[in-house]
file model.cif (mmCIF, C-alpha atoms)
data_upload
#
loop_
_atom_site.label_atom_id
_atom_site.label_comp_id
_atom_site.auth_asym_id
_atom_site.auth_seq_id
_atom_site.Cartn_x
_atom_site.Cartn_y
_atom_site.Cartn_z
CA MET A 1 -9.69 -36.23 -87.60
CA SER A 2 -9.48 -37.90 -90.95
CA GLY A 3 -8.36 -34.99 -93.04
CA HIS A 4 -6.10 -37.19 -95.10
CA ASP A 5 -7.26 -37.75 -98.64
CA HIS A 6 -5.68 -41.08 -99.46
CA GLY A 7 -7.55 -41.37 -102.75
CA ASP A 8 -5.73 -38.47 -104.30
CA ASP A 9 -2.13 -39.56 -104.35
CA GLY A 10 -1.68 -40.52 -107.95
CA VAL A 11 1.37 -38.44 -108.71
CA SER A 12 4.46 -40.42 -109.56
CA ARG A 13 7.92 -39.44 -108.44
CA ARG A 14 8.84 -38.94 -112.07
CA LYS A 15 6.01 -36.51 -112.54
CA VAL A 16 7.08 -34.65 -109.44
CA LEU A 17 10.61 -34.32 -110.79
CA GLU A 18 9.26 -33.12 -114.14
CA CYS A 19 7.38 -30.44 -112.32
CA MET A 20 10.57 -29.28 -110.69
CA THR A 21 12.31 -28.85 -114.01
CA TRP A 22 9.69 -26.51 -115.37
CA ALA A 23 9.72 -24.38 -112.29
CA GLY A 24 9.55 -20.75 -113.22
CA THR A 25 9.68 -18.56 -110.18
CA GLY A 26 8.67 -21.57 -108.11
CA VAL A 27 6.24 -24.44 -107.84
CA LEU A 28 3.39 -24.61 -105.41
CA TRP A 29 3.18 -27.97 -103.69
CA THR A 30 0.24 -29.45 -101.89
CA ILE A 31 0.86 -32.52 -99.85
CA THR A 32 -2.13 -34.81 -100.10
CA GLY A 33 -2.13 -38.09 -98.27
CA GLY A 34 1.60 -37.65 -97.80
CA VAL A 35 2.24 -37.19 -101.50
CA PRO A 36 3.38 -33.85 -102.84
CA ARG A 37 1.22 -32.58 -105.64
CA SER A 38 2.23 -29.74 -107.87
CA LEU A 39 -0.36 -27.07 -108.45
CA GLY A 40 1.67 -25.51 -111.23
CA ILE A 41 3.96 -22.59 -111.69
CA ILE A 42 3.39 -20.11 -108.98
CA ASP A 43 2.31 -16.63 -109.82
CA SER A 44 1.50 -13.83 -107.44
CA ALA A 45 -2.23 -14.45 -107.45
CA GLN A 46 -1.79 -18.12 -106.71
CA ALA A 47 0.67 -17.45 -103.92
CA ALA A 48 -1.74 -14.96 -102.42
CA THR A 49 -4.58 -17.47 -102.60
CA ALA A 50 -2.44 -20.18 -101.01
CA ALA A 51 -1.31 -17.84 -98.30
CA ALA A 52 -4.81 -16.61 -97.59
CA SER A 53 -6.10 -20.15 -97.15
CA GLY A 54 -3.93 -21.02 -94.19
CA MET A 55 -0.77 -20.51 -92.22
CA THR A 56 2.41 -20.24 -94.27
CA PHE A 57 5.99 -20.35 -93.17
CA LEU A 58 9.22 -20.05 -95.02
CA GLN A 59 12.37 -22.12 -95.06
CA ILE A 60 15.76 -20.61 -95.76
CA SER A 61 19.02 -22.51 -95.59
CA ASP A 62 22.75 -22.67 -96.09
CA SER A 63 23.47 -18.96 -96.31
CA HIS A 64 27.23 -19.58 -95.81
CA VAL A 65 27.81 -15.93 -95.03
CA GLY A 66 31.56 -15.41 -95.41
CA PHE A 67 31.92 -17.76 -98.37
CA ASP A 68 33.78 -15.88 -101.11
CA LYS A 69 35.09 -18.51 -103.52
CA PRO A 70 34.44 -18.55 -107.29
CA ALA A 71 31.21 -20.59 -106.98
CA ASN A 72 29.73 -17.42 -105.50
CA PRO A 73 32.06 -14.62 -104.45
CA ASN A 74 29.19 -12.78 -102.76
CA ALA A 75 27.15 -15.14 -100.58
CA LEU A 76 25.98 -12.20 -98.48
CA GLY A 77 24.65 -10.54 -101.61
CA THR A 78 22.60 -13.57 -102.69
CA LEU A 79 21.27 -13.90 -99.13
CA GLU A 80 20.12 -10.31 -99.43
CA GLU A 81 18.47 -11.13 -102.77
CA ALA A 82 16.63 -13.99 -101.08
CA VAL A 83 15.46 -11.68 -98.31
CA ASN A 84 14.29 -9.18 -100.95
CA LYS A 85 12.29 -12.01 -102.55
CA ILE A 86 10.76 -12.75 -99.18
CA ASN A 87 9.86 -9.11 -98.65
CA ALA A 88 8.22 -9.03 -102.08
CA MET A 89 5.95 -12.00 -101.34
CA PRO A 90 2.29 -11.13 -101.80
CA ALA A 91 1.42 -12.37 -98.31
CA LYS A 92 3.74 -12.25 -95.36
CA PRO A 93 4.57 -15.73 -94.01
CA SER A 94 3.96 -16.33 -90.31
CA PHE A 95 7.62 -17.00 -89.60
CA MET A 96 10.78 -18.47 -91.03
CA ILE A 97 12.98 -21.40 -90.21
CA HIS A 98 16.67 -21.47 -91.09
CA THR A 99 18.05 -24.97 -91.48
CA GLY A 100 21.67 -24.18 -90.75
CA ASP A 101 25.03 -23.10 -92.17
CA ILE A 102 24.12 -19.51 -91.51
CA THR A 103 27.83 -18.75 -91.71
CA HIS A 104 30.76 -20.33 -93.48
CA LEU A 105 33.39 -20.20 -90.72
CA SER A 106 31.42 -19.34 -87.53
CA LYS A 107 33.08 -15.96 -87.25
CA ALA A 108 31.44 -13.24 -85.16
CA ALA A 109 31.38 -10.87 -88.13
CA GLU A 110 29.71 -13.51 -90.28
CA PHE A 111 26.96 -14.04 -87.72
CA ASP A 112 26.58 -10.25 -87.47
CA ASN A 113 26.27 -9.87 -91.23
CA ALA A 114 23.79 -12.73 -91.50
CA GLU A 115 21.66 -11.23 -88.74
CA ARG A 116 21.76 -7.79 -90.32
CA ILE A 117 20.40 -9.13 -93.63
CA ILE A 118 17.97 -11.77 -92.34
CA SER A 119 16.41 -9.36 -89.86
CA GLN A 120 15.36 -7.18 -92.81
CA SER A 121 12.66 -9.80 -93.45
CA LYS A 122 11.02 -8.67 -90.18
CA LEU A 123 10.05 -12.29 -89.55
CA ASP A 124 10.57 -14.45 -86.50
CA VAL A 125 13.30 -16.93 -87.39
CA HIS A 126 13.74 -20.35 -85.82
CA TYR A 127 17.25 -21.67 -86.33
CA VAL A 128 19.04 -24.99 -86.15
CA PRO A 129 22.81 -25.06 -86.57
CA GLY A 130 24.78 -26.46 -89.47
CA GLU A 131 28.28 -27.82 -89.02
CA HIS A 132 29.66 -24.51 -90.33
CA ASP A 133 28.02 -22.66 -87.43
CA PHE A 134 29.86 -24.74 -84.83
CA LEU A 135 33.45 -24.09 -85.91
CA ASP A 136 34.54 -21.63 -83.22
CA GLU A 137 36.56 -23.14 -80.43
CA ASP A 138 33.91 -22.87 -77.71
CA VAL A 139 30.91 -23.04 -80.06
CA LYS A 140 29.65 -19.96 -78.30
CA PHE A 141 28.66 -17.63 -81.14
CA TYR A 142 25.73 -19.76 -82.33
CA ARG A 143 24.61 -20.67 -78.83
CA GLU A 144 24.73 -17.14 -77.47
CA ARG A 145 22.78 -15.80 -80.42
CA TYR A 146 20.29 -18.56 -81.14
CA GLY A 147 20.55 -21.10 -78.37
CA ARG A 148 18.43 -19.39 -75.73
CA GLY A 149 15.63 -21.60 -74.49
CA THR A 150 16.95 -24.64 -76.34
CA ARG A 151 18.15 -27.97 -74.96
CA GLY A 152 21.51 -29.65 -75.39
CA ALA A 153 23.31 -28.43 -78.48
CA GLY A 154 20.25 -26.40 -79.50
CA TRP A 155 17.18 -28.55 -80.04
CA TYR A 156 13.65 -27.39 -79.19
CA SER A 157 10.03 -27.55 -80.23
CA PHE A 158 7.18 -25.09 -80.56
CA ASP A 159 3.61 -24.98 -81.79
CA ALA A 160 2.26 -22.69 -84.47
CA GLY A 161 -1.03 -22.76 -86.33
CA GLY A 162 -1.90 -26.18 -84.99
CA VAL A 163 1.39 -27.67 -86.24
CA HIS A 164 4.05 -29.03 -83.90
CA PHE A 165 7.51 -27.92 -85.02
CA ILE A 166 10.65 -29.68 -83.82
CA GLY A 167 14.14 -28.30 -84.48
CA LEU A 168 16.84 -30.94 -84.22
CA VAL A 169 20.63 -30.74 -84.19
CA ASN A 170 22.53 -33.43 -86.10
CA VAL A 171 25.92 -31.78 -86.58
CA VAL A 172 27.66 -32.44 -83.26
CA ASP A 173 29.69 -35.35 -81.95
CA LEU A 174 30.09 -36.90 -85.38
CA LYS A 175 31.84 -40.26 -85.43
CA ALA A 176 34.66 -41.29 -87.78
CA GLY A 177 33.23 -43.00 -90.81
CA GLY A 178 29.70 -42.00 -89.87
CA LEU A 179 27.01 -39.60 -90.99
CA GLY A 180 25.08 -36.86 -89.17
CA ASN A 181 24.26 -37.65 -85.56
CA LEU A 182 21.41 -36.85 -83.17
CA GLY A 183 22.64 -38.77 -80.13
CA ALA A 184 20.86 -40.62 -77.33
CA GLU A 185 20.06 -37.56 -75.22
CA GLN A 186 18.33 -35.72 -78.05
CA LEU A 187 16.43 -38.84 -79.15
CA ALA A 188 15.17 -39.40 -75.61
CA TRP A 189 14.04 -35.78 -75.50
CA LEU A 190 12.28 -36.18 -78.86
CA GLU A 191 10.43 -39.28 -77.75
CA ASP A 192 9.35 -37.44 -74.63
CA ASP A 193 8.37 -34.33 -76.58
CA LEU A 194 6.01 -36.34 -78.79
CA ARG A 195 4.51 -38.38 -75.96
CA GLY A 196 0.82 -37.69 -75.51
CA LYS A 197 0.55 -35.68 -78.71
CA SER A 198 -2.56 -36.44 -80.74
CA LYS A 199 -1.67 -38.49 -83.82
CA SER A 200 -3.62 -36.02 -85.90
CA THR A 201 -1.26 -33.20 -84.98
CA PRO A 202 0.77 -32.31 -88.08
CA ILE A 203 4.47 -32.59 -87.31
CA VAL A 204 7.28 -30.65 -88.95
CA LEU A 205 10.78 -31.87 -88.13
CA PHE A 206 13.65 -29.72 -89.27
CA ALA A 207 17.40 -30.20 -89.04
CA HIS A 208 20.48 -29.29 -91.06
CA ILE A 209 21.70 -32.61 -92.46
CA PRO A 210 18.95 -34.71 -94.07
CA LEU A 211 17.42 -37.10 -91.52
CA TRP A 212 17.02 -39.61 -94.34
CA THR A 213 19.85 -41.24 -96.22
CA VAL A 214 20.28 -39.24 -99.40
CA TYR A 215 23.82 -40.33 -100.32
CA PRO A 216 25.97 -41.88 -97.61
CA GLU A 217 29.08 -41.81 -99.81
CA TRP A 218 29.06 -38.04 -99.35
CA GLY A 219 27.87 -38.14 -95.76
CA TRP A 220 24.38 -36.99 -96.78
CA GLY A 221 22.32 -38.67 -94.13
CA THR A 222 21.95 -39.07 -90.38
CA GLU A 223 23.29 -42.15 -88.64
CA ASP A 224 20.44 -42.37 -86.12
CA GLY A 225 17.86 -40.43 -88.16
CA GLY A 226 15.80 -43.61 -88.44
CA ARG A 227 15.24 -43.55 -84.69
CA ALA A 228 13.76 -40.07 -84.87
CA LEU A 229 11.52 -41.16 -87.74
CA GLU A 230 10.31 -44.14 -85.71
CA TYR A 231 8.92 -41.73 -83.12
CA VAL A 232 6.85 -39.82 -85.70
CA LYS A 233 5.68 -42.85 -87.63
CA GLY A 234 2.18 -42.99 -86.15
CA PHE A 235 1.39 -39.37 -86.94
CA GLY A 236 -0.93 -38.60 -89.83
CA SER A 237 1.15 -35.85 -91.38
CA VAL A 238 4.89 -35.52 -90.99
CA THR A 239 7.08 -33.15 -92.96
CA VAL A 240 10.86 -33.30 -92.64
CA LEU A 241 12.81 -30.26 -93.82
CA ASN A 242 16.56 -30.13 -94.23
CA GLY A 243 19.32 -28.13 -95.85
CA HIS A 244 22.97 -29.15 -96.22
CA ILE A 245 22.85 -30.56 -99.74
CA HIS A 246 21.98 -27.28 -101.47
CA GLN A 247 19.45 -28.72 -103.90
CA VAL A 248 15.78 -29.59 -103.95
CA MET A 249 15.06 -33.23 -103.31
CA GLN A 250 11.88 -34.88 -102.13
CA LYS A 251 10.92 -38.30 -100.94
CA VAL A 252 7.66 -39.66 -99.60
CA GLU A 253 7.40 -42.61 -97.26
CA GLY A 254 3.93 -43.33 -95.95
CA ASN A 255 2.76 -40.17 -94.23
CA VAL A 256 6.26 -38.72 -94.08
CA THR A 257 7.41 -36.23 -96.70
CA PHE A 258 11.07 -35.33 -96.84
CA HIS A 259 12.19 -32.14 -98.48
CA THR A 260 15.58 -30.51 -98.78
CA ALA A 261 16.03 -26.82 -99.52
CA ARG A 262 18.24 -24.88 -101.85
CA SER A 263 21.07 -22.81 -100.48
CA THR A 264 21.12 -19.05 -100.79
CA ALA A 265 24.90 -19.21 -101.34
CA PHE A 266 26.04 -21.84 -103.84
CA PRO A 267 24.78 -25.03 -105.49
CA GLN A 268 26.21 -28.48 -104.91
CA PRO A 269 26.26 -31.34 -107.43
CA ALA A 270 23.59 -34.01 -107.54
CA PRO A 271 24.68 -37.19 -105.71
CA GLY A 272 27.42 -39.05 -107.51
CA THR A 273 27.69 -36.61 -110.41
CA ALA A 274 31.01 -35.15 -109.27
CA PRO A 275 34.11 -36.41 -107.44
CA SER A 276 32.78 -34.89 -104.21
CA PRO A 277 30.20 -32.57 -102.69
CA GLY A 278 31.16 -28.94 -102.24
CA PRO A 279 30.60 -25.66 -104.05
CA MET A 280 29.70 -26.18 -107.70
CA LYS A 281 30.81 -23.53 -110.17
CA VAL A 282 28.12 -22.86 -112.72
CA GLU A 283 27.78 -20.17 -115.37
CA ASP A 284 26.96 -16.85 -113.75
CA ALA A 285 23.68 -16.74 -115.66
CA ARG A 286 22.59 -20.04 -114.10
CA LEU A 287 23.63 -19.39 -110.50
CA ARG A 288 20.48 -17.67 -109.31
CA ALA A 289 18.25 -20.38 -110.73
CA MET A 290 20.03 -22.81 -108.41
CA LEU A 291 19.67 -20.74 -105.23
CA GLY A 292 16.51 -19.83 -103.42
CA VAL A 293 14.01 -20.26 -100.62
CA ALA A 294 11.01 -22.47 -99.88
CA SER A 295 7.74 -21.54 -98.33
CA VAL A 296 5.35 -24.00 -96.77
CA ASN A 297 1.62 -23.51 -96.54
CA PHE A 298 -0.42 -25.26 -93.89
CA LYS A 299 -4.16 -25.29 -94.38
CA GLN A 300 -6.05 -25.36 -91.14
CA ASN A 301 -7.90 -28.63 -90.53
CA GLU A 302 -6.73 -30.13 -93.78
CA GLN A 303 -3.42 -31.60 -92.66
CA ARG A 304 -1.91 -30.59 -95.93
CA LEU A 305 1.31 -28.76 -96.43
CA ALA A 306 2.13 -26.99 -99.65
CA ILE A 307 5.80 -26.39 -100.31
CA ILE A 308 6.73 -23.62 -102.69
CA ASP A 309 10.32 -23.53 -103.88
CA THR A 310 11.37 -20.19 -105.18
CA PRO A 311 14.71 -19.79 -106.90
CA LEU A 312 16.29 -16.35 -106.80
CA GLN A 313 15.77 -16.24 -110.55
CA GLY A 314 13.71 -18.41 -112.89
CA MET B 1 67.84 -38.61 -102.33
CA LYS B 2 67.44 -37.24 -98.83
CA ILE B 3 66.49 -33.75 -99.90
CA LEU B 4 62.85 -34.33 -100.68
CA ASN B 5 60.51 -31.77 -102.08
CA ARG B 6 57.98 -31.46 -99.27
CA ARG B 7 55.29 -30.62 -101.75
CA ASP B 8 55.68 -33.82 -103.63
CA PHE B 9 54.23 -36.36 -101.29
CA GLY B 10 54.24 -38.94 -104.06
CA VAL B 11 58.03 -38.87 -104.11
CA ALA B 12 58.04 -38.84 -100.34
CA VAL B 13 55.89 -41.92 -100.19
CA ALA B 14 58.12 -43.70 -102.70
CA ALA B 15 61.19 -42.61 -100.76
CA ALA B 16 59.77 -43.86 -97.49
CA ILE B 17 59.29 -47.25 -99.03
CA LEU B 18 62.62 -47.38 -100.86
CA LEU B 19 64.94 -45.90 -98.25
CA PRO B 20 66.70 -48.39 -96.01
CA ALA B 21 65.76 -48.47 -92.33
CA THR B 22 69.08 -46.85 -91.46
CA THR B 23 68.08 -43.46 -92.86
CA ALA B 24 69.49 -40.82 -90.53
CA ARG B 25 66.39 -38.72 -90.13
CA ALA B 26 62.75 -39.16 -90.88
CA ASP B 27 61.55 -37.11 -93.80
CA ASP B 28 58.52 -34.92 -93.45
CA MET B 29 55.37 -35.92 -95.27
CA ASP B 30 52.36 -34.17 -96.72
CA VAL B 31 48.69 -35.11 -96.95
CA HIS B 32 46.39 -33.04 -99.10
CA ILE B 33 42.64 -32.68 -98.79
CA ASP B 34 41.11 -32.54 -102.25
CA ASN B 35 37.46 -33.16 -103.07
CA PHE B 36 36.64 -34.26 -99.51
CA VAL B 37 39.36 -36.94 -99.59
CA PHE B 38 42.61 -37.25 -97.63
CA GLN B 39 45.34 -38.01 -100.16
CA PRO B 40 47.02 -40.33 -99.59
CA ALA B 41 44.35 -41.88 -97.36
CA GLU B 42 46.96 -44.11 -95.80
CA LEU B 43 50.57 -43.15 -95.20
CA THR B 44 53.41 -45.11 -93.60
CA VAL B 45 56.06 -43.00 -91.87
CA LYS B 46 58.92 -43.46 -89.42
CA VAL B 47 58.92 -42.33 -85.81
CA GLY B 48 59.86 -38.65 -85.69
CA THR B 49 58.14 -37.76 -88.95
CA THR B 50 56.13 -34.58 -89.15
CA VAL B 51 53.05 -34.90 -91.32
CA THR B 52 51.46 -31.74 -92.69
CA TRP B 53 47.87 -31.68 -93.91
CA THR B 54 46.79 -28.98 -96.38
CA ASN B 55 43.15 -28.27 -97.14
CA ARG B 56 42.80 -27.53 -100.85
CA ASP B 57 38.97 -27.56 -100.86
CA ASP B 58 36.68 -24.53 -100.82
CA ILE B 59 35.01 -26.04 -97.76
CA PRO B 60 36.63 -26.10 -94.30
CA HIS B 61 37.81 -29.42 -92.88
CA THR B 62 39.47 -30.71 -89.71
CA VAL B 63 41.97 -33.47 -88.96
CA VAL B 64 41.12 -35.36 -85.77
CA SER B 65 42.57 -38.53 -84.26
CA ALA B 66 40.67 -39.33 -81.08
CA GLY B 67 42.87 -38.64 -78.06
CA LYS B 68 45.96 -38.09 -80.24
CA PHE B 69 45.66 -34.87 -82.19
CA ARG B 70 43.03 -32.38 -83.29
CA SER B 71 43.54 -29.56 -85.76
CA LYS B 72 41.67 -26.31 -85.68
CA THR B 73 39.23 -25.81 -88.52
CA LEU B 74 41.28 -25.57 -91.69
CA ASP B 75 39.97 -23.06 -94.19
CA THR B 76 41.08 -23.20 -97.82
CA ASP B 77 44.91 -23.61 -98.02
CA ASP B 78 45.30 -23.77 -94.22
CA LYS B 79 47.78 -26.35 -92.90
CA PHE B 80 48.08 -28.51 -89.81
CA SER B 81 51.23 -30.38 -88.76
CA PHE B 82 51.78 -33.15 -86.25
CA THR B 83 55.01 -34.93 -85.35
CA PHE B 84 54.65 -38.63 -84.65
CA THR B 85 56.94 -39.63 -81.78
CA ASN B 86 55.46 -43.07 -81.11
CA ALA B 87 54.93 -46.05 -83.36
CA GLY B 88 51.38 -47.20 -84.01
CA ASP B 89 48.37 -46.84 -86.27
CA TYR B 90 46.78 -43.40 -86.10
CA LYS B 91 43.30 -43.43 -87.54
CA TYR B 92 41.91 -39.97 -88.13
CA PHE B 93 38.90 -38.24 -89.70
CA CYS B 94 37.32 -34.88 -90.47
CA SER B 95 35.00 -34.05 -87.59
CA LEU B 96 32.82 -31.96 -89.93
CA HIS B 97 32.56 -34.58 -92.66
CA PRO B 98 33.08 -37.86 -90.82
CA HIS B 99 32.92 -39.95 -93.97
CA MET B 100 36.40 -38.54 -94.65
CA THR B 101 38.86 -40.88 -92.95
CA GLY B 102 42.58 -41.55 -93.13
CA MET B 103 45.37 -43.39 -91.38
CA ILE B 104 49.01 -42.74 -90.56
CA LYS B 105 51.02 -45.89 -89.83
CA VAL B 106 54.08 -45.00 -87.78
CA GLU B 107 56.83 -47.60 -87.57
#

call {"tool": "encode", "arguments": {"input": "model.cif", "output": "structure tokens"}}
result
Amino acid sequence: MSGHDHGDDGVSRRKVLECMTWAGTGVLWTITGGVPRSLGIIDSAQAATAAASGMTFLQISDSHVGFDKPANPNALGTLEEAVNKINAMPAKPSFMIHTGDITHLSKAAEFDNAERIISQSKLDVHYVPGEHDFLDEDVKFYRERYGRGTRGAGWYSFDAGGVHFIGLVNVVDLKAGGLGNLGAEQLAWLEDDLRGKSKSTPIVLFAHIPLWTVYPEWGWGTEDGGRALEYVKGFGSVTVLNGHIHQVMQKVEGNVTFHTARSTAFPQPAPGTAPSPGPMKVEDARLRAMLGVASVNFKQNEQRLAIIDTPLQG
Amino acid sequence: MKILNRRDFGVAVAAAILLPATTARADDMDVHIDNFVFQPAELTVKVGTTVTWTNRDDIPHTVVSAGKFRSKTLDTDDKFSFTFTNAGDYKYFCSLHPHMTGMIKVE
């Protein structure tokens, strides 16, 4: 298969960032030859067309259910708004992935509340844990609810619509002074999981902390993420989805496209623009423009993924 | 001079440096977590000192020194105390945000 269109990758990073700033309700992204290309501000008709042309799935992240500080005193409420957005989409996505920090403090009630709201989307949800979901003493709430059929701390893979999806866990066994961590056992499993896969199989890796180094000063990266990326290097189309940093950020390296999602709970500052990461208080009127969800469209046989970021409010 | 305001770790640090080695009892010390940083990041105390960490961030943190002590998850304004009964360098970090590191030197 040579579905990659390497001649059509003339969009600069600057242009991509410009596109983000004029996002209305969201921007429709097509990934061509590994380079994201904006198709313009999404409207209902466009979303419907995109959805009709192939398999779509949705990413949701960093719900932080239980968070009640001034940056957003009602994280459950904005999660519900996100789910309402999802339910209002013109075409139902095939499924959803949640890239972690479902809860703020790993409390049973927080998991219950998150489940109650997210299940209203009536979509299958594939989870990976964030560090906030592993705070209970025995780390049992996340595992009992979402860990069935997973390996180790909760990693797994599945196939959908011709795409191979791999959920990774990089929030356990973190070392002093280090970043996120996958660990030897998980990396060995990943290598094994990919063995024998056709290089034309589109791969989607998802984890909570970015697998690429976004900003090590704030711990925004994964110590051994490079090892995981080595294993997917030969594949024609690789998309890496993360949460954790609560803002949209994209990077393209060869055939690998990295994309981080917004939070549904609160924004965080851009790297280096504040003394530290953490909840960023913005004017109430701006909050919903900085929260949201992403949907990803996979066109059969084209090896292209379109990523649509939809803030809760334009 | 011996009655230190526990909340004012700055004074405590100064006192620890200025007080002669013959001080009758070790004074308790505080470390605050602000903006994902342990403050002070390094603290020198005497054997018998109790150090109390307070998380003043909106994000939970932990205080972990491998094999020595481990706090529960500290939510906003939660505290964790540990009494140092042996001399030595105690390196510690936040197990949720491992780029956050600190050290207690006990002499």

call {"tool": "interface_residues", "arguments": {"input": "model.cif", "of": "chain A", "to": "chain B", "cutoff": "12 Å", "atoms": "all atoms listed in the file", "output": "JSON, numbers by chain"}}
result
{"A": [64, 66, 67, 68, 69, 70, 71, 72, 73, 101, 103, 104, 105, 106, 107, 130, 131, 132, 133, 134, 135, 136, 137, 138, 170, 171, 172, 173, 174, 175, 176, 177, 178, 179, 180, 181, 209, 215, 216, 217, 218, 219, 220, 221, 222, 223, 244, 266, 268, 274, 275, 276, 277, 278, 279, 280, 281]}

call {"tool": "resolve_selection", "arguments": {"input": "model.cif", "expression": "the PyMOL selection byres ((chain A and resi 193-196) around 10)", "output": "mmCIF file with C-alpha atoms, keeping the file's coordinate frame"}}
result
data_model
loop_
_atom_site.group_PDB
_atom_site.id
_atom_site.type_symbol
_atom_site.label_atom_id
_atom_site.label_comp_id
_atom_site.auth_asym_id
_atom_site.auth_seq_id
_atom_site.Cartn_x
_atom_site.Cartn_y
_atom_site.Cartn_z
ATOM 1 C CA TYR A 156 13.650 -27.390 -79.190
ATOM 2 C CA SER A 157 10.030 -27.550 -80.230
ATOM 3 C CA HIS A 164 4.050 -29.030 -83.900
ATOM 4 C CA ILE A 166 10.650 -29.680 -83.820
ATOM 5 C CA LEU A 187 16.430 -38.840 -79.150
ATOM 6 C CA ALA A 188 15.170 -39.400 -75.610
ATOM 7 C CA TRP A 189 14.040 -35.780 -75.500
ATOM 8 C CA LEU A 190 12.280 -36.180 -78.860
ATOM 9 C CA GLU A 191 10.430 -39.280 -77.750
ATOM 10 C CA ASP A 192 9.350 -37.440 -74.630
ATOM 11 C CA LYS A 197 0.550 -35.680 -78.710
ATOM 12 C CA SER A 198 -2.560 -36.440 -80.740
ATOM 13 C CA LYS A 199 -1.670 -38.490 -83.820
ATOM 14 C CA ILE A 203 4.470 -32.590 -87.310
ATOM 15 C CA TYR A 231 8.920 -41.730 -83.120
ATOM 16 C CA VAL A 232 6.850 -39.820 -85.700
ATOM 17 C CA PHE A 235 1.390 -39.370 -86.940
#

call {"tool": "resolve_selection", "arguments": {"input": "model.cif", "expression": "the PyMOL selection byres ((chain A and resi 95) around 8)", "output": "PyMOL selection string"}}
result
chain A and resi 56-58+93-94+96-97+123-126

call {"tool": "atom_distance", "arguments": {"input": "model.cif", "atom1": "atom CA of Ile118 of chain A", "atom2": "atom CA of Ala285 of chain A"}}
result
24.5 Å

call {"tool": "resolve_selection", "arguments": {"input": "model.cif", "expression": "the PyMOL selection byres ((chain A and resi 287) around 10)", "output": "ChimeraX atom specification"}}
result
/A:71-72,78,265-267,280-286,288-291,311-313

call {"tool": "write_last_selection", "arguments": {"input": "model.cif", "atoms": "C-alpha atoms", "output": "CSV table (one decimal), in the coordinates of the input"}}
result
chain,number,residue,atom,x,y,z
A,71,ALA,CA,31.2,-20.6,-107.0
A,72,ASN,CA,29.7,-17.4,-105.5
A,78,THR,CA,22.6,-13.6,-102.7
A,265,ALA,CA,24.9,-19.2,-101.3
A,266,PHE,CA,26.0,-21.8,-103.8
A,267,PRO,CA,24.8,-25.0,-105.5
A,280,MET,CA,29.7,-26.2,-107.7
A,281,LYS,CA,30.8,-23.5,-110.2
A,282,VAL,CA,28.1,-22.9,-112.7
A,283,GLU,CA,27.8,-20.2,-115.4
A,284,ASP,CA,27.0,-16.8,-113.8
A,285,ALA,CA,23.7,-16.7,-115.7
A,286,ARG,CA,22.6,-20.0,-114.1
A,288,ARG,CA,20.5,-17.7,-109.3
A,289,ALA,CA,18.2,-20.4,-110.7
A,290,MET,CA,20.0,-22.8,-108.4
A,291,LEU,CA,19.7,-20.7,-105.2
A,311,PRO,CA,14.7,-19.8,-106.9
A,312,LEU,CA,16.3,-16.4,-106.8
A,313,GLN,CA,15.8,-16.2,-110.6

call {"tool": "build_atoms", "arguments": {"input": "model.cif", "residues": "segment 55-62 of chain A", "atoms": "N, CA, C and O atoms", "output": "PDB file, in the frame of the given file"}}
result
ATOM      1  N   MET A  55      -2.016 -21.016 -92.754  1.00  0.00           N
ATOM      2  CA  MET A  55      -0.770 -20.510 -92.220  1.00  0.00           C
ATOM      3  C   MET A  55       0.389 -20.860 -93.168  1.00  0.00           C
ATOM      4  O   MET A  55       0.473 -21.977 -93.645  1.00  0.00           O
ATOM      5  N   THR A  56       1.228 -19.927 -93.456  1.00  0.00           N
ATOM      6  CA  THR A  56       2.410 -20.240 -94.270  1.00  0.00           C
ATOM      7  C   THR A  56       3.661 -19.929 -93.468  1.00  0.00           C
ATOM      8  O   THR A  56       3.683 -19.023 -92.635  1.00  0.00           O
ATOM      9  N   PHE A  57       4.675 -20.696 -93.717  1.00  0.00           N
ATOM     10  CA  PHE A  57       5.990 -20.350 -93.170  1.00  0.00           C
ATOM     11  C   PHE A  57       7.024 -20.599 -94.241  1.00  0.00           C
ATOM     12  O   PHE A  57       6.774 -21.258 -95.242  1.00  0.00           O
ATOM     13  N   LEU A  58       8.189 -20.063 -94.001  1.00  0.00           N
ATOM     14  CA  LEU A  58       9.220 -20.050 -95.020  1.00  0.00           C
ATOM     15  C   LEU A  58      10.442 -20.792 -94.516  1.00  0.00           C
ATOM     16  O   LEU A  58      10.763 -20.742 -93.329  1.00  0.00           O
ATOM     17  N   GLN A  59      11.095 -21.501 -95.420  1.00  0.00           N
ATOM     18  CA  GLN A  59      12.370 -22.120 -95.060  1.00  0.00           C
ATOM     19  C   GLN A  59      13.490 -21.457 -95.842  1.00  0.00           C
ATOM     20  O   GLN A  59      13.385 -21.235 -97.048  1.00  0.00           O
ATOM     21  N   ILE A  60      14.563 -21.172 -95.124  1.00  0.00           N
ATOM     22  CA  ILE A  60      15.760 -20.610 -95.760  1.00  0.00           C
ATOM     23  C   ILE A  60      16.926 -21.430 -95.225  1.00  0.00           C
ATOM     24  O   ILE A  60      16.858 -21.958 -94.115  1.00  0.00           O
ATOM     25  N   SER A  61      17.968 -21.581 -96.016  1.00  0.00           N
ATOM     26  CA  SER A  61      19.020 -22.510 -95.590  1.00  0.00           C
ATOM     27  C   SER A  61      20.380 -22.179 -96.200  1.00  0.00           C
ATOM     28  O   SER A  61      20.464 -21.512 -97.238  1.00  0.00           O
ATOM     29  N   ASP A  62      21.391 -22.661 -95.534  1.00  0.00           N
ATOM     30  CA  ASP A  62      22.750 -22.670 -96.090  1.00  0.00           C
ATOM     31  C   ASP A  62      23.165 -21.324 -96.688  1.00  0.00           C
ATOM     32  O   ASP A  62      23.555 -21.248 -97.844  1.00  0.00           O
TER      33      ASP A  62
END
